[in-house]
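start_1.txt follows (compact mmCIF, C-alpha atoms):
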# COMPACT_ATOMS: atom_id res chain seq x y z
CA LEU A 17 -8.30 -14.12 -2.88
CA LEU A 18 -11.43 -15.95 -3.98
CA ARG A 19 -12.58 -13.06 -6.15
CA LYS A 20 -9.43 -13.49 -8.28
CA MET A 21 -10.39 -17.06 -9.18
CA SER A 22 -11.88 -17.46 -12.62
CA PHE A 23 -14.85 -19.58 -11.54
CA LEU A 24 -16.17 -16.66 -9.48
CA LYS A 25 -16.37 -14.58 -12.65
CA SER A 26 -17.79 -17.34 -14.86
CA PRO A 27 -21.08 -18.77 -13.52
CA PRO A 28 -21.97 -22.35 -14.37
CA PRO A 29 -24.51 -23.01 -17.18
CA LEU A 30 -27.36 -23.13 -14.65
CA PHE A 31 -26.87 -19.37 -14.00
CA SER A 32 -25.98 -18.26 -17.52
CA GLN A 33 -29.48 -17.44 -18.84
CA ASN A 34 -29.08 -13.71 -18.15
CA SER A 35 -25.45 -12.66 -18.11
CA ALA A 36 -25.68 -9.67 -15.75
CA SER A 37 -28.13 -11.13 -13.22
CA ALA A 38 -26.42 -14.53 -13.31
CA SER A 39 -23.04 -12.98 -12.55
CA LEU A 40 -24.56 -11.04 -9.69
CA LEU A 41 -26.22 -14.15 -8.22
CA TRP A 42 -23.01 -16.14 -8.57
CA PHE A 43 -21.03 -13.35 -6.91
CA LEU A 44 -23.50 -13.04 -4.02
CA PHE A 45 -23.51 -16.82 -3.54
CA TRP A 46 -19.75 -16.92 -3.00
CA LEU A 47 -19.68 -13.70 -1.00
CA TRP A 48 -22.20 -14.94 1.56
CA SER A 49 -20.71 -18.43 1.60
CA LEU A 50 -17.40 -16.85 2.58
CA ARG A 51 -19.10 -14.65 5.17
CA LEU A 52 -20.95 -17.59 6.72
CA CYS A 53 -17.71 -19.57 6.98
CA ALA A 54 -15.95 -16.62 8.61
CA LEU A 55 -18.83 -16.08 11.06
CA ALA A 56 -18.86 -19.78 11.95
CA THR A 57 -15.11 -19.69 12.62
CA VAL A 58 -15.39 -16.61 14.82
CA PHE A 59 -18.30 -18.19 16.70
CA LEU A 60 -16.25 -21.32 17.36
CA PHE A 61 -13.44 -19.18 18.75
CA LEU A 62 -15.43 -16.74 20.89
CA GLY A 63 -18.54 -18.82 21.61
CA VAL A 64 -17.05 -22.28 22.13
CA TYR A 65 -13.29 -22.36 22.68
CA VAL A 66 -12.98 -19.26 24.86
CA PRO A 67 -15.63 -20.46 27.39
CA LYS A 68 -14.21 -23.98 27.25
CA THR A 69 -10.70 -22.71 27.98
CA LEU A 70 -11.96 -20.50 30.82
CA MET A 71 -13.52 -23.58 32.46
CA LYS A 72 -10.30 -25.62 32.33
CA THR A 73 -8.61 -26.09 35.70
CA GLY A 74 -5.59 -28.26 34.88
CA HIS A 75 -1.92 -27.26 34.68
CA ASP A 76 -1.28 -29.14 31.42
CA ARG A 77 -0.51 -26.04 29.33
CA ASP A 78 2.35 -23.60 28.93
CA VAL A 79 0.78 -20.82 30.98
CA ALA A 80 1.62 -22.98 34.02
CA ILE A 81 5.31 -22.28 33.30
CA TYR A 82 4.73 -18.55 33.87
CA TYR A 83 2.78 -19.24 37.05
CA THR A 84 5.49 -21.55 38.36
CA ALA A 85 8.16 -18.94 37.59
CA LEU A 86 6.19 -16.37 39.62
CA GLU A 87 5.92 -18.84 42.49
CA ARG A 88 9.65 -19.53 42.42
CA LEU A 89 10.37 -15.79 42.39
CA GLU A 90 8.05 -15.27 45.37
CA ARG A 91 9.77 -18.08 47.31
CA ASN A 92 13.31 -16.98 46.35
CA LYS A 93 13.92 -20.19 44.43
CA PRO A 94 15.97 -20.39 41.18
CA ILE A 95 13.99 -19.25 38.15
CA TYR A 96 16.36 -20.77 35.59
CA GLN A 97 17.65 -24.33 35.65
CA PRO A 98 20.74 -25.20 33.52
CA ARG A 99 20.54 -28.33 31.36
CA PRO A 100 24.13 -29.21 30.40
CA ASP A 101 23.03 -32.46 28.77
CA TYR A 102 20.38 -30.82 26.57
CA GLY A 103 20.36 -31.68 22.89
CA PRO A 104 17.88 -31.48 20.00
CA HIS A 105 16.60 -34.97 20.85
CA SER A 106 14.76 -33.24 23.72
CA LYS A 107 12.67 -30.06 23.96
CA PRO A 108 12.87 -27.08 26.31
CA THR A 109 10.16 -27.13 28.95
CA GLN A 110 11.43 -24.59 31.49
CA TYR A 111 10.93 -20.82 31.77
CA LEU A 112 13.20 -19.22 29.16
CA TYR A 113 12.41 -15.51 28.99
CA LEU A 114 14.57 -12.69 30.33
CA PRO A 115 13.78 -11.28 33.81
CA PRO A 116 11.95 -8.17 32.43
CA ALA A 117 9.22 -10.40 30.96
CA LEU A 118 8.63 -11.93 34.40
CA ALA A 119 8.86 -8.56 36.12
CA VAL A 120 5.94 -7.21 34.05
CA ILE A 121 3.55 -9.92 35.28
CA THR A 122 4.64 -9.88 38.94
CA PRO A 123 1.45 -7.99 39.97
CA LEU A 124 -0.36 -11.26 39.23
CA LYS A 125 1.75 -13.30 41.67
CA THR A 126 -0.75 -12.81 44.50
CA LEU A 127 -3.49 -14.63 42.55
CA GLU A 128 -4.34 -18.29 42.96
CA TRP A 129 -4.03 -20.56 39.94
CA LEU A 130 -7.60 -20.35 38.64
CA PRO A 131 -8.01 -16.55 38.86
CA PHE A 132 -4.54 -16.17 37.32
CA VAL A 133 -5.17 -18.45 34.35
CA ARG A 134 -8.65 -17.03 33.68
CA LEU A 135 -7.41 -13.45 33.74
CA TRP A 136 -4.52 -14.49 31.49
CA THR A 137 -6.91 -16.16 29.04
CA LEU A 138 -9.12 -13.07 28.82
CA GLY A 139 -6.03 -10.99 28.19
CA LEU A 140 -5.02 -13.29 25.32
CA VAL A 141 -8.50 -12.93 23.81
CA ALA A 142 -8.11 -9.14 23.87
CA PHE A 143 -4.74 -9.34 22.10
CA PHE A 144 -6.17 -11.82 19.56
CA LEU A 145 -8.89 -9.30 18.73
CA GLY A 146 -6.39 -6.46 18.61
CA PHE A 147 -4.06 -8.34 16.26
CA ALA A 148 -7.00 -9.23 13.99
CA ALA A 149 -7.92 -5.53 13.81
CA ILE A 150 -4.30 -4.75 12.86
CA LEU A 151 -4.34 -7.36 10.10
CA ALA A 152 -7.62 -5.98 8.76
CA TRP A 153 -6.14 -2.48 8.65
CA LEU A 154 -2.88 -3.61 7.02
CA ALA A 155 -4.79 -5.47 4.28
CA THR A 156 -7.41 -2.78 3.53
CA ARG A 157 -6.23 0.44 5.27
CA ARG A 158 -9.49 0.58 7.16
CA ILE A 159 -11.25 -1.43 9.84
CA GLU A 160 -14.82 -2.39 9.02
CA TRP A 161 -17.07 -5.06 10.44
CA TRP A 162 -16.56 -7.66 7.72
CA SER A 163 -12.86 -7.01 7.21
CA PHE A 164 -12.38 -7.56 10.95
CA ILE A 165 -14.43 -10.78 10.88
CA TYR A 166 -12.41 -12.08 7.91
CA ALA A 167 -9.12 -11.20 9.63
CA LEU A 168 -10.12 -12.84 12.91
CA ALA A 169 -11.26 -16.00 11.11
CA ALA A 170 -8.04 -16.11 9.06
CA LEU A 171 -5.98 -15.65 12.24
CA TRP A 172 -7.77 -18.42 14.10
CA LEU A 173 -7.39 -20.83 11.17
CA PHE A 174 -3.73 -19.96 10.55
CA PRO A 175 -1.23 -22.64 11.65
CA GLY A 176 -0.25 -22.21 15.28
CA ALA A 177 -2.85 -19.62 16.32
CA ALA A 178 -5.37 -21.94 17.97
CA ARG A 179 -2.55 -23.94 19.59
CA THR A 180 -1.18 -20.70 21.03
CA PHE A 181 -4.51 -19.93 22.67
CA PHE A 182 -5.02 -23.42 24.07
CA LEU A 183 -1.52 -23.47 25.56
CA GLY A 184 -1.90 -19.97 27.03
CA GLN A 185 1.31 -18.80 25.37
CA ILE A 186 2.47 -15.19 25.49
CA GLU A 187 2.74 -14.98 21.69
CA PRO A 188 -0.51 -13.01 20.97
CA ILE A 189 0.95 -10.09 22.91
CA LEU A 190 4.08 -10.22 20.74
CA TRP A 191 2.06 -10.52 17.50
CA PHE A 192 0.12 -7.44 18.56
CA LEU A 193 3.25 -5.38 19.33
CA PHE A 194 4.95 -6.53 16.13
CA GLY A 195 1.87 -5.72 14.04
CA LEU A 196 1.43 -2.36 15.78
CA GLY A 197 5.01 -1.49 14.86
CA ILE A 198 4.24 -2.28 11.20
CA VAL A 199 1.13 -0.07 11.37
CA GLN A 200 3.28 2.73 12.78
CA LEU A 201 5.66 2.38 9.83
CA VAL A 202 2.80 2.59 7.33
CA ARG A 203 1.53 5.73 9.06
CA GLY A 204 4.96 7.39 9.23
CA GLY A 205 6.97 5.39 11.76
CA ALA A 206 6.64 7.62 14.84
CA TRP A 207 6.59 4.81 17.43
CA ALA A 208 7.66 1.77 15.42
CA GLY A 209 10.92 1.40 17.36
CA LEU A 210 9.01 1.42 20.65
CA CYS A 211 6.68 -1.41 19.59
CA PHE A 212 9.44 -3.57 18.10
CA SER A 213 11.69 -3.07 21.13
CA LEU A 214 8.95 -3.97 23.62
CA ALA A 215 8.36 -7.24 21.76
CA SER A 216 12.08 -7.96 21.45
CA VAL A 217 12.48 -7.92 25.23
CA VAL A 218 10.64 -11.25 25.16
CA LYS A 219 11.53 -12.63 21.68
CA ILE A 220 14.58 -11.26 19.90
CA TYR A 221 13.21 -11.64 16.35
CA SER A 222 11.40 -8.29 16.67
CA PHE A 223 14.75 -6.57 17.21
CA TRP A 224 15.66 -7.46 13.63
CA ALA A 225 12.76 -5.25 12.58
CA VAL A 226 14.53 -2.36 14.34
CA LEU A 227 17.69 -3.15 12.37
CA ALA A 228 15.64 -3.15 9.16
CA LEU A 229 14.38 0.41 9.69
CA PRO A 230 15.49 2.91 7.02
CA ARG A 231 18.56 4.96 7.93
CA SER A 232 16.46 8.11 7.86
CA MET A 233 14.60 6.77 10.93
CA TRP A 234 17.62 5.62 12.91
CA LYS A 235 18.21 8.97 14.59
CA ARG A 236 14.74 8.90 16.14
CA GLN A 237 14.04 5.18 16.55
CA TRP A 238 17.36 3.88 17.89
CA PRO A 239 17.33 6.11 21.01
CA ILE A 240 13.77 4.92 21.69
CA ALA A 241 14.85 1.28 21.33
CA ALA A 242 17.86 1.84 23.60
CA LEU A 243 15.65 3.54 26.21
CA VAL A 244 13.15 0.65 26.16
CA TRP A 245 15.88 -1.93 26.60
CA GLY A 246 17.56 0.10 29.34
CA VAL A 247 14.35 0.53 31.33
CA ALA A 248 13.41 -3.14 30.80
CA LEU A 249 16.79 -4.44 31.99
CA ILE A 250 16.71 -2.22 35.08
CA LEU A 251 13.13 -3.23 35.86
CA GLY A 252 13.99 -6.91 35.52
CA GLY A 253 17.02 -6.50 37.77
CA VAL A 254 15.13 -4.58 40.46
CA VAL A 255 12.20 -7.01 40.57
CA CYS A 256 13.93 -10.35 39.98
CA GLY A 257 17.49 -9.56 41.03
CA PHE A 258 20.40 -8.56 38.81
CA ASP A 259 22.06 -11.92 39.44
CA GLN A 260 19.26 -13.53 37.40
CA TYR A 261 20.84 -12.22 34.20
CA ALA A 262 23.96 -14.30 34.79
CA LYS A 263 21.80 -17.31 35.58
CA TRP A 264 19.78 -16.71 32.42
CA PHE A 265 22.95 -16.65 30.29
CA GLU A 266 24.08 -19.86 31.94
CA ALA A 267 20.81 -21.73 31.46
CA VAL A 268 18.94 -20.42 28.40
CA PRO A 269 21.23 -19.61 25.43
CA PRO A 270 22.94 -23.05 25.49
CA VAL A 271 19.48 -24.64 25.17
CA MET A 272 18.17 -22.28 22.49
CA ARG A 273 21.31 -22.68 20.35
CA GLN A 274 20.77 -26.45 20.23
CA GLY A 275 17.26 -26.32 18.78
CA THR A 276 15.03 -29.37 18.82
CA PHE A 277 13.88 -32.09 16.43
CA ASN A 278 10.41 -31.96 17.95
CA ALA A 279 7.72 -32.19 15.24
CA ASP A 280 6.28 -28.79 16.21
CA ASN A 281 9.57 -27.00 15.43
CA TYR A 282 9.30 -25.28 12.03
CA SER A 283 12.81 -23.81 12.09
CA LEU A 284 14.37 -23.58 8.62
CA SER A 285 17.87 -24.01 10.05
CA MET A 286 16.81 -27.17 11.88
CA GLY A 287 15.20 -28.26 8.61
CA VAL A 288 18.67 -28.41 7.08
CA LEU A 289 19.76 -30.78 9.85
CA ARG A 290 16.67 -32.92 9.25
CA VAL A 291 17.68 -33.20 5.60
CA ALA A 292 21.22 -34.10 6.71
CA GLN A 293 19.77 -36.91 8.84
CA TRP A 294 17.81 -38.17 5.86
CA LEU A 295 21.02 -38.15 3.79
CA GLY A 296 22.89 -40.20 6.36
CA TRP A 297 24.10 -37.94 9.16
CA GLU A 298 23.82 -39.94 12.38
CA TYR A 299 22.57 -38.34 15.55
CA ALA A 300 21.21 -40.18 18.58
CA SER A 301 21.16 -37.81 21.55
CA GLY A 302 23.16 -35.27 23.48
CA PRO A 303 24.36 -31.73 22.71
CA LEU A 304 25.36 -30.86 19.16
CA SER A 305 28.95 -29.93 18.39
CA GLY A 306 31.12 -29.15 15.38
CA LEU A 307 29.52 -28.19 12.07
CA PRO A 308 25.86 -28.73 13.11
CA LYS A 309 26.26 -26.39 16.08
CA LEU A 310 28.17 -23.88 13.94
CA TRP A 311 25.42 -23.97 11.30
CA LEU A 312 22.68 -23.24 13.84
CA SER A 313 24.67 -20.35 15.32
CA ALA A 314 25.45 -18.87 11.90
CA SER A 315 22.06 -19.30 10.21
CA VAL A 316 20.21 -17.37 12.90
CA ILE A 317 22.23 -14.33 11.74
CA LEU A 318 22.81 -15.08 8.06
CA GLY A 319 19.12 -15.71 7.30
CA PRO A 320 17.85 -12.28 8.41
CA LEU A 321 20.93 -10.57 6.92
CA LEU A 322 20.16 -12.17 3.55
CA MET A 323 16.55 -10.98 3.77
CA LEU A 324 17.74 -7.49 4.70
CA TRP A 325 19.60 -7.38 1.42
CA LEU A 326 16.83 -8.96 -0.65
CA THR A 327 14.22 -6.47 0.62
CA ARG A 328 16.43 -3.38 0.30
CA ASN A 329 14.11 -1.86 -2.33
CA GLN A 330 10.82 -2.64 -0.54
CA THR A 331 8.74 -0.26 1.54
CA PRO A 332 9.95 0.15 5.15
CA ALA A 333 6.84 -1.58 6.52
CA LEU A 334 7.12 -4.63 4.26
CA ARG A 335 10.87 -4.85 4.79
CA CYS A 336 10.62 -4.81 8.59
CA ALA A 337 7.75 -7.31 8.56
CA VAL A 338 9.59 -9.75 6.29
CA VAL A 339 12.95 -9.45 8.09
CA GLY A 340 11.34 -9.90 11.51
CA ALA A 341 9.42 -12.97 10.34
CA THR A 342 12.56 -14.38 8.71
CA ALA A 343 14.51 -14.01 11.96
CA SER A 344 11.85 -16.10 13.68
CA LEU A 345 11.94 -18.79 10.98
CA PHE A 346 15.74 -19.12 11.05
CA ALA A 347 15.97 -19.40 14.84
CA PRO A 348 16.94 -22.93 15.98
CA ILE A 349 13.57 -23.11 17.70
CA CYS A 350 10.55 -21.81 15.78
CA TRP A 351 7.40 -23.32 17.24
CA SER A 352 4.20 -23.28 15.22
CA ILE A 353 2.91 -20.62 17.63
CA TYR A 354 5.40 -18.15 16.08
CA LEU A 355 3.95 -18.54 12.58
CA PRO A 356 0.95 -16.14 12.83
CA ALA A 357 3.45 -13.25 12.78
CA LEU A 358 3.80 -14.12 9.07
CA LEU A 359 0.31 -12.70 8.57
CA CYS A 360 1.75 -9.17 8.84
CA PRO A 361 3.84 -9.33 5.64
CA LEU A 362 1.05 -11.31 3.97
CA ALA A 363 -1.47 -8.57 4.79
CA LEU A 364 0.90 -5.90 3.47
CA TRP A 365 1.45 -7.89 0.28
CA ALA A 366 -2.32 -8.31 -0.15
CA TYR A 367 -2.80 -4.54 0.06
CA GLU A 368 0.02 -3.81 -2.39
CA LYS A 369 -1.47 -6.32 -4.84
CA ASN A 370 -4.92 -4.77 -4.35
CA LEU A 371 -6.44 -8.15 -3.46
CA PHE A 372 -9.08 -6.60 -1.21
CA ALA A 373 -10.05 -3.62 -3.30
CA ALA A 374 -13.17 -1.67 -2.46
CA SER A 375 -14.80 -2.89 -5.65
CA THR A 376 -15.30 -6.64 -5.80
CA ALA A 377 -17.89 -6.61 -8.52
CA PRO A 378 -18.46 -9.50 -10.91
CA GLN A 379 -17.98 -8.91 -14.58
CA ASN A 380 -20.65 -8.07 -17.17
CA GLY A 381 -22.42 -5.30 -15.34
CA GLY A 382 -22.62 -6.85 -11.89
CA ALA A 383 -22.95 -4.87 -8.69
CA SER A 384 -20.08 -3.63 -6.55
CA GLU A 385 -19.61 -3.83 -2.82
CA ALA A 386 -17.45 -1.54 -0.75

Translate the structure of the given file into structure tokens.
Amino acid sequence: LLRKMSFLKSPPPLFSQNSASASLLWFLFWLWSLRLCALATVFLFLGVYVPKTLMKTGHDRDVAIYYTALERLERNKPIYQPRPDYGPHSKPTQYLYLPPALAVITPLKTLEWLPFVRLWTLGLVAFFLGFAAILAWLATRRIEWWSFIYALAALWLFPGAARTFFLGQIEPILWFLFGLGIVQLVRGGAWAGLCFSLASVVKIYSFWAVLALPRSMWKRQWPIAALVWGVALILGGVVCGFDQYAKWFEAVPPVMRQGTFNADNYSLSMGVLRVAQWLGWEYASGPLSGLPKLWLSASVILGPLLMLWLTRNQTPALRCAVVGATASLFAPICWSIYLPALLCPLALWAYEKNLFAASTAPQNGGASEA
């Protein structure tokens, strides 16, 4: 993006003695400034925050919710706890995912807290690196050293990414699967439905990407999606008990449909209710009812449907990326940790606009860099 700015192509008077050499010096100055910033960011992530997080021993992060759910499953205690008095004045703090998500991590239930959380953290680092590689490929159609460094730095600095890592949230795995599905679409779409469906078992917004697939792909991708969901539901029932699905429906959807006014919720549909409060709508506490509840239930469907129509003429990859991201933004609860998924459509847009072309040469006879 910086190379598009005019001041990169027009050196200050200090450099303007020799037009060609001055442009080259000015270009190299900004190029290596950008590289040093990216390297510093990556060093902070891998050299400072990863070791610091591995040394933490406390339970004051979201990964403890997964560990507690495994403990409750091991001891035959209820995994889901209904909250009939829940309203957007509060925030959900319990385990909310479907049984298949818990079934996948049950091999870790024999570990003590510290080995569990350290292994989990290393896994998140691997998926961070994998998602950065995907972003680099989507933006340039190749993975090189510097494109990967830029992508990893951009990911770490993007709103919600660092918070996701510190909390130990599952989101990097979902970003990776969502991004891998987009890569599959760019390369022909062979396994896009598989990637989107795996992610949608945990967070439903990825399933909208399956709905956004071109009709020519439905015959191949929909059976794959149905198979993934079928296997996942059976696995969750066998490991956690089929009765847990009824308990999930009793405890989780009523909470998710209410949303939250917590400052970390970036939901566009909840944003409308915030504006309504500013205009005079009075809300103190308790579950929503009437029009506010109807709006939240409708917008989670209408938002992605509108984007499906608006992107009807876009490439399959860009359409699926935008529709999936829109579904996340219109959900009643859209934490900041969901936002890095927006980097997928941004990377596709950057490639289509040729923002990271192989030639980034300055004007007036400057050098080029692949």

For this session: For Leu114 (chain A), list every protein, DNA or RNA residue within 9 Å, evaluated using only C-alpha atoms, and leave out those in the same chain fewer than 4 positions away; present the list as a VMD selection string.
Result: chain A and resid 118 217 to 218 249 252 260 to 261 264

For this session: Have a look at A:Ile220, A:Ala341, A:Ala262, A:Cys256 and name the one nearest to Lys93 (chain A); count all atoms listed in the file.
Result: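 The answer is A:Cys256, which sits nearest to Lys93 (chain A).
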
For this session: Find the spatial neighbours of Trp153 (chain A), counting all atoms listed in the file, within a cut-off of 10 Å - ignore same-chain residues fewer than 3 positions away - and output them as JSON, numbers by chain.
Result: {"A": [147, 148, 149, 150, 156, 157, 158, 159, 160, 163, 164, 167, 199, 363, 364, 367]}

Problem set entry | Spatial sel., origin (-9.8, -13.6, 25.8), limit 12 Å, all atoms listed in the file, listed as a VMD selection string | chain A and resid 61 to 70 133 to 146 181 to 182 184 188 to 189

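Each of A:Trp294, A:Tyr166, A:Phe277, A:Tyr102 was checked against Leu151 (chain A) using all atoms listed in the file; the smallest atom-to-atom distance is that of A:Tyr166.
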
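Nearest-residue note for Gln330 (chain A): choosing from A:Asp76, A:Glu298, A:Glu187, A:Glu368, the minimum distance belongs to A:Glu368, counting only C-alpha atoms.
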
For this session: Could you tell me how far CA of Asn92 (chain A) lies from CA of Trp129 (chain A), in Å and to one decimal?
Result: 18.8 Å
